[in-house]
Every structure is written in C-alpha cells, then in structure tokens.
Amino acid sequence: MNLKNKLIGYLQLLRLQTAATTALTPVIGALTMGQRDIFLLFILFIIGFLYHIYGFVLNEYIDVDVDKKSEDLKKKPLISGIVPKSHALFIVLSSCFFICLITIYYFRFILPILFLLFAILFGGIYDFFGKKIPGLDFVLGLGFFFICLMGASTVTYDFTILTYIVCSIYFIHITFMNSVEGGIKDADHDYLAGAKTIATIMGVSVKNQTLVITKKFLVFTCFLKFIFIGLIVLLFIQPEIGLFNYDKNIIQLIFIVFFCIVIFFTMYKFLKITLFDRQKLKKLFSFHEMSSYFVFIISLSSLIKLWSTVFLIFLPFFWYILFNFILYGKFLQPQV
C-alpha cells in the first residue's frame with residue numbers, strides 16, 4: 001500500500017470532514033460570552049478539534065466488531081486493516097493527553113478543566129457502552145453540553161440563561177444526530193450484531209433491504225426535533241438576542257424560516273424512506289445537519305455580529321465539502 005492511501009486511511013479514521021463543526025463548539029461557547037481574542041478562540045478551536053479526534057477514533061476502536069457486520073463499512077480504516085487498532089488507541093490517548101495539557105496551560109481555572117473532564121468522561125462512556133445500553137446518546141449530548149460550557153467558562157463564571165440555552169441546543173442536536181440519524185444509518189447491522197440502541201429497542205430494522213421505522217421511533221424523532229426548535233425560539237427572545245424586536249433582523253428571520261423548511265423536509269424524506277439506501281440517507285442527513293447548524297448560528301447573529309456569523313457558517317461548510325472530496329471523492333456523501 002502506498003503512503004498516500006495510508007495517510008488518507010488515517011485521516012478517514014479521524015473523521016476529518018466533520019472536525020470543524022465539533023471544533024467550533026467551545027469557540028461558540030466563548031463567543032456568546034463576549035470572547036473576541038482571536039488567539040484564545042484559536043486555542044479553543046484546537047481543543048475542540050482534539051475532542052473530536054478523541055471521541056470519534058475511540059468510537060471507531062470500540063465499534064469495530066459491530067461495524068464488521070455491515071458490507072457497506074468494509075472499507076473503514078480499522079476494518080480494512082489500513083490502520084492497526086493499536087495505532088487508533090495511541091491516537092485516542094494522545095489526543096486526550098494534549099487536550100488536557102493545552103487547557104491547563106492556557107486556562108488555569110478550575111471550571112474549564114472540570115467541564116473538559118466531564119466532556120471527556122461522557123464521551124468515553126458513550127463510546128464504550130453506546131451499543132450496549134439504550135439511551136446513552138443523551139450522555140454523548142451531555143459531553144457536547146460540557147465542551148460548549150467549557151468554552152464559555154474560559155471567559156466568565158457568571159453564566160446567563162443564554163449560556164445554558166446554547167449548551168442545551170448542542171445537547172439536543174448531538175442527541176438527535178446519534179440516536180435518530182445514527183440509528184437509521186446503522187439499522188442494517190446494529191440489530192444483527194445485537195446492539196442495544198434507542199433505534200433497535202424501538203423496532204427500527206432492515207429486512208430484505210426494507211427499512212422499518214416504527215411509530216414509536218417516529219414520535220421520538222419528532223419530539224427531539226421540536227425541542228430543538230423550541231430552544232431556538234427561546235434563544236430568540238433572550239434580551240441579548242432580541243431577534244423579534246427589530247425590523248433590521250428580518251433578513252435573519254427569512255434565512256431561519258428557509259432552513260427550518262429544509263430541516264423538516266429532509267426529516268420527512270428520511271423518515272419515509274422504505275428501501276434502505278445508505279448513500280441516499282447520508283445525503284439527506286448531511287443537508288439536515290447543516291440546516292440545523294445554520295439555524296442555530298444565524299439565531300446568534302445579533303449577539304456575535306456579522307463577521308463571526310459568516311465565519312461560523314462558511315468554515316465548517318467549506319471544510320466539510322473540501323475534506324469530504326479529498327477523502328472520499330464526493331462532496332456530501334462520506335463513507336461512514
């Protein structure tokens with residue numbers, strides 16, 4: 001195997017195409033608290049990036065035996081053997097070590113370190129037991145709640161209602177991605193491997209290439225998404241945002257309504273699919289996740305100002321399509 005293919009295998013293991021979105025989590029937490037120091041925001045980006053590597057590589061390491069049950073996942077780096085399992089474990093431990101070292105060096109306060117440790121703990125619990133204990137998607141959501149709160153705590157300990165709403169949006173968004181999108185995407189092999197997830201215990205499965213989505217799972221999906229939208233509306237009315245208070249915010253509201261339409265349209269499409277098609281599902285999930293993220297960031301635009309909003313929208317978008325193309329040869333369809 002040539003060096004190029006091996007390097008791509010390692011980068012695929014890191015899930016590099018989605019790293020920017022995770023890396024921005026503590027950055028957004030800090031921005032909402034008024035942090036504008038570019039260097040410190042960059043340090044928070046690095047911390048978020050390392051947290052992404054820690055979580056996703058550990059997940060790949062733990063789930064390798066389950067993923068072997070799916071024919072679609074045979075090319076994943078650990079399953080194909082491009083990356084040895086021992087190397088994956090080394091990457092996990094190294095990222096965990098450096099994320100703690102950087103945090104202690106630059107933010108020598110109790111709460112940022114404590115919240116980071118909570119994020120690492122909850123992320124690790126999910127990775128180890130996510131396929132064994134139903135409902136641990138909420139624990140992973142807590143990991144992102146705390147990594148966002150960690151970013152906010154590097155600025156001030158005087159948290160506002162806005163801080164907790166922003167962190168809660170991350171909590172619900174990540175829980176939805178994992179329990180709903182992940183549950184559907186992995187439906188073809190999770191139940192075969194005996195995995196115990198919210199999707200499998202609610203009866204989601206694939207039989208003769210037919211995707212079965214039960215009414216219980218449908219209700220659960222809608223429940224989570226309406227909580228997400230409810231938190232966005234709650235964000236609107238905070239005095240720091242005041243999105244409904246000014247005529248000048250009409251453009252933001254138009255964009256938010258547009259992306260909300262995309263959210264519910266794509267959700268309707270992937271919930272109504274009968275023929276299990278992993279590639280089509282992943283495209284729908286990509287549009288759904290990006291639209292949810294855009295709604296969230298645009299909702300913060302009155303607080304974080306125009307250029308921060310533009311940066312937070314375009315960085316993860318262009319990062320995603322660039323590295324997705326480099327690693328998989330497709331713009332919106334990663335092989336995960």
# chains A, B, ... in the order shown; residues from 1 in each chain; ligands from 1
call {"tool": "closest_atom_pairs", "arguments": {"of": "stretch 61-122 of chain A", "to": "stretch 12-33 of chain A", "cutoff": "12 Å", "atoms": "only C-alpha atoms", "output": "Markdown table"}}
result
| residue | atom | partner | partner_atom | distance |
| --- | --- | --- | --- | --- |
| A:Tyr61 | CA | A:Leu13 | CA | 9.4 |
| A:Val64 | CA | A:Leu13 | CA | 11.6 |
| A:Lys75 | CA | A:Gln12 | CA | 10.2 |
| A:Lys76 | CA | A:Leu13 | CA | 7.6 |
| A:Pro77 | CA | A:Leu13 | CA | 6.1 |
| A:Leu78 | CA | A:Leu13 | CA | 7.7 |
| A:Ile79 | CA | A:Leu13 | CA | 10.5 |
| A:Ser80 | CA | A:Leu13 | CA | 11.3 |
| A:Gly81 | CA | A:Leu13 | CA | 11.4 |
| A:Ile82 | CA | A:Leu13 | CA | 9.7 |
| A:Val83 | CA | A:Leu13 | CA | 8.1 |
| A:Pro84 | CA | A:Leu13 | CA | 10.8 |
| A:Lys85 | CA | A:Leu13 | CA | 10.8 |
| A:His87 | CA | A:Leu13 | CA | 10.6 |
| A:Ala88 | CA | A:Leu13 | CA | 8.1 |
| A:Leu89 | CA | A:Leu13 | CA | 11.5 |
| A:Ile91 | CA | A:Leu14 | CA | 9.1 |
| A:Val92 | CA | A:Leu14 | CA | 9.9 |
| A:Ser95 | CA | A:Leu14 | CA | 10.9 |
| A:Ile99 | CA | A:Ala23 | CA | 11.8 |
| A:Thr103 | CA | A:Pro26 | CA | 11.6 |
| A:Pro112 | CA | A:Pro26 | CA | 10.3 |
| A:Phe115 | CA | A:Pro26 | CA | 10.8 |
| A:Leu116 | CA | A:Pro26 | CA | 9.9 |
| A:Ala119 | CA | A:Pro26 | CA | 11.1 |
call {"tool": "residues_around", "arguments": {"residues": "A:Ile113", "least_positions_apart": "4", "cutoff": "10 Å", "atoms": "only C-alpha atoms", "output": "list of chain:residue names"}}
result
A:Ile99, A:Cys100, A:Leu101, A:Thr103, A:Ile104, A:Phe107, A:Arg108, A:Phe109, A:Leu117, A:Phe118, A:Ala119, A:Met150, A:Ser153, A:Thr154
call {"tool": "closest_atom_pairs", "arguments": {"of": "stretch 164-219 of chain A", "to": "stretch 255-274 of chain A", "cutoff": "9 Å", "atoms": "only C-alpha atoms", "output": "JSON lines"}}
result
{"residue": "A:Glu181", "atom": "CA", "partner": "A:Phe270", "partner_atom": "CA", "distance": 8.9}
{"residue": "A:Ile184", "atom": "CA", "partner": "A:Phe270", "partner_atom": "CA", "distance": 8.7}
{"residue": "A:Gln209", "atom": "CA", "partner": "A:Thr274", "partner_atom": "CA", "distance": 8.5}
{"residue": "A:Thr210", "atom": "CA", "partner": "A:Thr274", "partner_atom": "CA", "distance": 5.5}
{"residue": "A:Leu211", "atom": "CA", "partner": "A:Thr274", "partner_atom": "CA", "distance": 5.0}
{"residue": "A:Val212", "atom": "CA", "partner": "A:Thr274", "partner_atom": "CA", "distance": 7.0}
{"residue": "A:Ile213", "atom": "CA", "partner": "A:Leu271", "partner_atom": "CA", "distance": 7.2}
{"residue": "A:Leu218", "atom": "CA", "partner": "A:Leu271", "partner_atom": "CA", "distance": 7.4}
call {"tool": "write_last_selection", "arguments": {"atoms": "C-alpha atoms", "output": "PDB file, in the first residue's frame"}}
result
ATOM      1  CA  GLU A 181     -29.656   9.643  12.210  1.00  0.00           C
ATOM      2  CA  ILE A 184     -31.338   4.765  10.998  1.00  0.00           C
ATOM      3  CA  GLN A 209     -33.460  -4.223   2.185  1.00  0.00           C
ATOM      4  CA  THR A 210     -36.691  -2.670   3.508  1.00  0.00           C
ATOM      5  CA  LEU A 211     -36.189  -0.030   6.191  1.00  0.00           C
ATOM      6  CA  VAL A 212     -38.673  -0.414   9.024  1.00  0.00           C
ATOM      7  CA  ILE A 213     -39.283   2.741  11.092  1.00  0.00           C
ATOM      8  CA  LEU A 218     -41.222   8.439  14.638  1.00  0.00           C
TER       9      LEU A 218
END
call {"tool": "closest_residue", "arguments": {"among": "A:Val166, A:Ile229, A:Ala199, A:Leu44", "to": "A:Phe217", "atoms": "only C-alpha atoms"}}
result
A:Ala199
call {"tool": "closest_residue", "arguments": {"among": "A:Gln252, A:Tyr51, A:Ile165, A:Phe39", "to": "A:Gly230", "atoms": "only C-alpha atoms"}}
result
A:Ile165
call {"tool": "select_by_dssp", "arguments": {"residues": "stretch 74-314 of chain A", "states": "strand (DSSP E)", "output": "PyMOL selection string"}}
result
chain A and resi 205-207+210-212
call {"tool": "closest_residue", "arguments": {"among": "A:Gln35, A:Ala195, A:Ser299, A:Thr221", "to": "A:Val233", "atoms": "only C-alpha atoms"}}
result
A:Ser299
call {"tool": "residues_around", "arguments": {"residues": "A:Phe122", "least_positions_apart": "2", "cutoff": "12 Å", "atoms": "only C-alpha atoms", "output": "number ranges by chain"}}
result
A: 51, 54-55, 115-120, 124-130, 136-147, 171
call {"tool": "write_last_selection", "arguments": {"atoms": "C-alpha atoms", "output": "CSV table (one decimal), in the first residue's frame"}}
result
chain,number,residue,atom,x,y,z
A,51,TYR,CA,-12.0,16.4,21.4
A,54,TYR,CA,-10.7,11.6,20.9
A,55,GLY,CA,-14.4,10.9,20.6
A,115,PHE,CA,-16.0,20.8,32.4
A,116,LEU,CA,-13.4,19.4,30.0
A,117,LEU,CA,-13.1,16.3,32.2
A,118,PHE,CA,-16.8,15.9,32.2
A,119,ALA,CA,-16.9,16.2,28.4
A,120,ILE,CA,-14.2,13.5,28.1
A,124,GLY,CA,-15.9,7.9,26.7
A,125,ILE,CA,-19.0,6.4,28.4
A,126,TYR,CA,-20.9,6.7,25.2
A,127,ASP,CA,-18.1,5.2,23.1
A,128,PHE,CA,-17.7,2.2,25.4
A,129,PHE,CA,-21.4,1.4,26.2
A,130,GLY,CA,-23.4,3.2,23.4
A,136,LEU,CA,-26.6,6.8,26.0
A,137,ASP,CA,-27.0,9.1,23.1
A,138,PHE,CA,-28.1,11.6,25.8
A,139,VAL,CA,-24.8,11.0,27.6
A,140,LEU,CA,-22.9,11.9,24.4
A,141,GLY,CA,-25.1,15.0,24.2
A,142,LEU,CA,-24.0,15.9,27.7
A,143,GLY,CA,-20.4,15.6,26.5
A,144,PHE,CA,-21.1,18.4,24.0
A,145,PHE,CA,-23.1,20.4,26.5
A,146,PHE,CA,-20.0,20.5,28.8
A,147,ILE,CA,-17.4,21.1,26.0
A,171,PHE,CA,-27.1,18.7,23.8
call {"tool": "select_by_dssp", "arguments": {"residues": "stretch 52-178 of chain A", "states": "helix (DSSP H, G or I)", "output": "ChimeraX atom specification"}}
result
/A:52-67,71-73,77-80,85-106,110-129,137-153,161-178
call {"tool": "write_last_selection", "arguments": {"atoms": "C-alpha atoms", "output": "CSV table (one decimal), in the first residue's frame"}}
result
chain,number,residue,atom,x,y,z
A,52,HIS,CA,-13.4,15.4,18.1
A,53,ILE,CA,-10.4,13.1,17.4
A,54,TYR,CA,-10.7,11.6,20.9
A,55,GLY,CA,-14.4,10.9,20.6
A,56,PHE,CA,-14.6,9.6,17.0
A,57,VAL,CA,-11.4,7.5,17.0
A,58,LEU,CA,-12.4,5.9,20.3
A,59,ASN,CA,-15.9,5.2,18.8
A,60,GLU,CA,-14.3,3.5,15.8
A,61,TYR,CA,-12.0,1.5,18.0
A,62,ILE,CA,-14.8,0.2,20.3
A,63,ASP,CA,-17.4,-0.4,17.5
A,64,VAL,CA,-15.1,-2.3,15.1
A,65,ASP,CA,-16.6,-5.7,15.7
A,66,VAL,CA,-20.2,-4.3,15.3
A,67,ASP,CA,-19.3,-2.5,12.1
A,71,GLU,CA,-21.0,-4.8,4.0
A,72,ASP,CA,-21.1,-1.1,3.4
A,73,LEU,CA,-18.4,-0.5,6.1
A,77,PRO,CA,-9.7,2.1,8.1
A,78,LEU,CA,-9.8,-0.2,11.2
A,79,ILE,CA,-12.0,-2.9,9.5
A,80,SER,CA,-9.9,-2.9,6.3
A,85,LYS,CA,-6.1,-1.0,16.3
A,86,SER,CA,-3.0,-0.2,18.4
A,87,HIS,CA,-2.4,2.9,16.4
A,88,ALA,CA,-6.0,4.0,16.9
A,89,LEU,CA,-5.7,3.5,20.7
A,90,PHE,CA,-2.5,5.6,20.6
A,91,ILE,CA,-4.3,8.4,18.8
A,92,VAL,CA,-7.1,8.4,21.4
A,93,LEU,CA,-4.7,8.5,24.4
A,94,SER,CA,-2.5,11.2,22.7
A,95,SER,CA,-5.4,13.5,21.9
A,96,CYS,CA,-6.8,13.1,25.4
A,97,PHE,CA,-3.4,14.0,26.9
A,98,PHE,CA,-2.9,17.0,24.7
A,99,ILE,CA,-6.4,18.4,25.1
A,100,CYS,CA,-5.9,18.4,28.9
A,101,LEU,CA,-2.4,19.8,28.7
A,102,ILE,CA,-3.4,22.7,26.4
A,103,THR,CA,-6.4,23.5,28.6
A,104,ILE,CA,-4.3,23.6,31.8
A,105,TYR,CA,-1.7,25.7,30.2
A,106,TYR,CA,-3.9,28.4,28.7
A,110,ILE,CA,-11.0,25.1,37.9
A,111,LEU,CA,-14.2,25.2,35.9
A,112,PRO,CA,-12.7,24.9,32.3
A,113,ILE,CA,-10.7,21.9,33.4
A,114,LEU,CA,-13.6,20.4,35.3
A,115,PHE,CA,-16.0,20.8,32.4
A,116,LEU,CA,-13.4,19.4,30.0
A,117,LEU,CA,-13.1,16.3,32.2
A,118,PHE,CA,-16.8,15.9,32.2
A,119,ALA,CA,-16.9,16.2,28.4
A,120,ILE,CA,-14.2,13.5,28.1
A,121,LEU,CA,-15.9,11.3,30.6
A,122,PHE,CA,-19.3,11.4,29.0
A,123,GLY,CA,-17.9,11.0,25.5
A,124,GLY,CA,-15.9,7.9,26.7
A,125,ILE,CA,-19.0,6.4,28.4
A,126,TYR,CA,-20.9,6.7,25.2
A,127,ASP,CA,-18.1,5.2,23.1
A,128,PHE,CA,-17.7,2.2,25.4
A,129,PHE,CA,-21.4,1.4,26.2
A,137,ASP,CA,-27.0,9.1,23.1
A,138,PHE,CA,-28.1,11.6,25.8
A,139,VAL,CA,-24.8,11.0,27.6
A,140,LEU,CA,-22.9,11.9,24.4
A,141,GLY,CA,-25.1,15.0,24.2
A,142,LEU,CA,-24.0,15.9,27.7
A,143,GLY,CA,-20.4,15.6,26.5
A,144,PHE,CA,-21.1,18.4,24.0
A,145,PHE,CA,-23.1,20.4,26.5
A,146,PHE,CA,-20.0,20.5,28.8
A,147,ILE,CA,-17.4,21.1,26.0
A,148,CYS,CA,-19.5,24.1,25.0
A,149,LEU,CA,-19.8,25.2,28.6
A,150,MET,CA,-16.1,24.8,28.9
A,151,GLY,CA,-15.6,27.4,26.2
A,152,ALA,CA,-17.9,29.8,28.0
A,153,SER,CA,-16.2,29.3,31.3
A,161,ILE,CA,-29.8,31.8,30.7
A,162,LEU,CA,-28.4,32.3,27.2
A,163,THR,CA,-25.3,30.2,28.0
A,164,TYR,CA,-27.4,27.3,29.2
A,165,ILE,CA,-29.8,27.6,26.2
A,166,VAL,CA,-26.8,27.5,23.7
A,167,CYS,CA,-25.3,24.5,25.5
A,168,SER,CA,-28.7,22.8,25.6
A,169,ILE,CA,-29.1,23.2,21.9
A,170,TYR,CA,-25.8,21.4,21.4
A,171,PHE,CA,-27.1,18.7,23.8
A,172,ILE,CA,-30.3,18.1,21.8
A,173,HIS,CA,-28.6,18.4,18.4
A,174,ILE,CA,-26.0,15.8,19.1
A,175,THR,CA,-28.5,13.5,20.8
A,176,PHE,CA,-30.7,13.7,17.6
A,177,MET,CA,-27.8,13.1,15.3
A,178,ASN,CA,-26.7,10.0,17.2
call {"tool": "residues_around", "arguments": {"residues": "A:Lys207", "least_positions_apart": "5", "cutoff": "12 Å", "atoms": "only C-alpha atoms", "output": "list in words"}}
result
Ala187, Asp188, His189, Tyr191, Leu192, Val212, Ile213, Thr274, Leu275 and Phe276 of chain A
call {"tool": "write_last_selection", "arguments": {"atoms": "C-alpha atoms", "output": "PDB file, in the first residue's frame"}}
result
ATOM      1  CA  ALA A 187     -30.113  -0.121  11.140  1.00  0.00           C
ATOM      2  CA  ASP A 188     -28.859  -2.728   8.672  1.00  0.00           C
ATOM      3  CA  HIS A 189     -26.261  -4.150  11.051  1.00  0.00           C
ATOM      4  CA  TYR A 191     -29.808  -5.332  15.193  1.00  0.00           C
ATOM      5  CA  LEU A 192     -27.863  -8.177  13.562  1.00  0.00           C
ATOM      6  CA  VAL A 212     -38.673  -0.414   9.024  1.00  0.00           C
ATOM      7  CA  ILE A 213     -39.283   2.741  11.092  1.00  0.00           C
ATOM      8  CA  THR A 274     -38.757   2.357   2.618  1.00  0.00           C
ATOM      9  CA  LEU A 275     -35.843   0.985   0.600  1.00  0.00           C
ATOM     10  CA  PHE A 276     -32.703   1.074   2.733  1.00  0.00           C
TER      11      PHE A 276
END
call {"tool": "atom_distance", "arguments": {"atom1": "atom CA of A:Asp37", "atom2": "atom CA of A:Leu315"}}
result
18.0 Å
call {"tool": "atom_distance", "arguments": {"atom1": "atom CA of A:Val204", "atom2": "atom CA of A:Gly183"}}
result
7.8 Å
call {"tool": "closest_residue", "arguments": {"among": "A:Tyr157, A:Trp307, A:Phe323, A:Phe45", "to": "A:Leu11", "atoms": "only C-alpha atoms"}}
result
A:Phe323
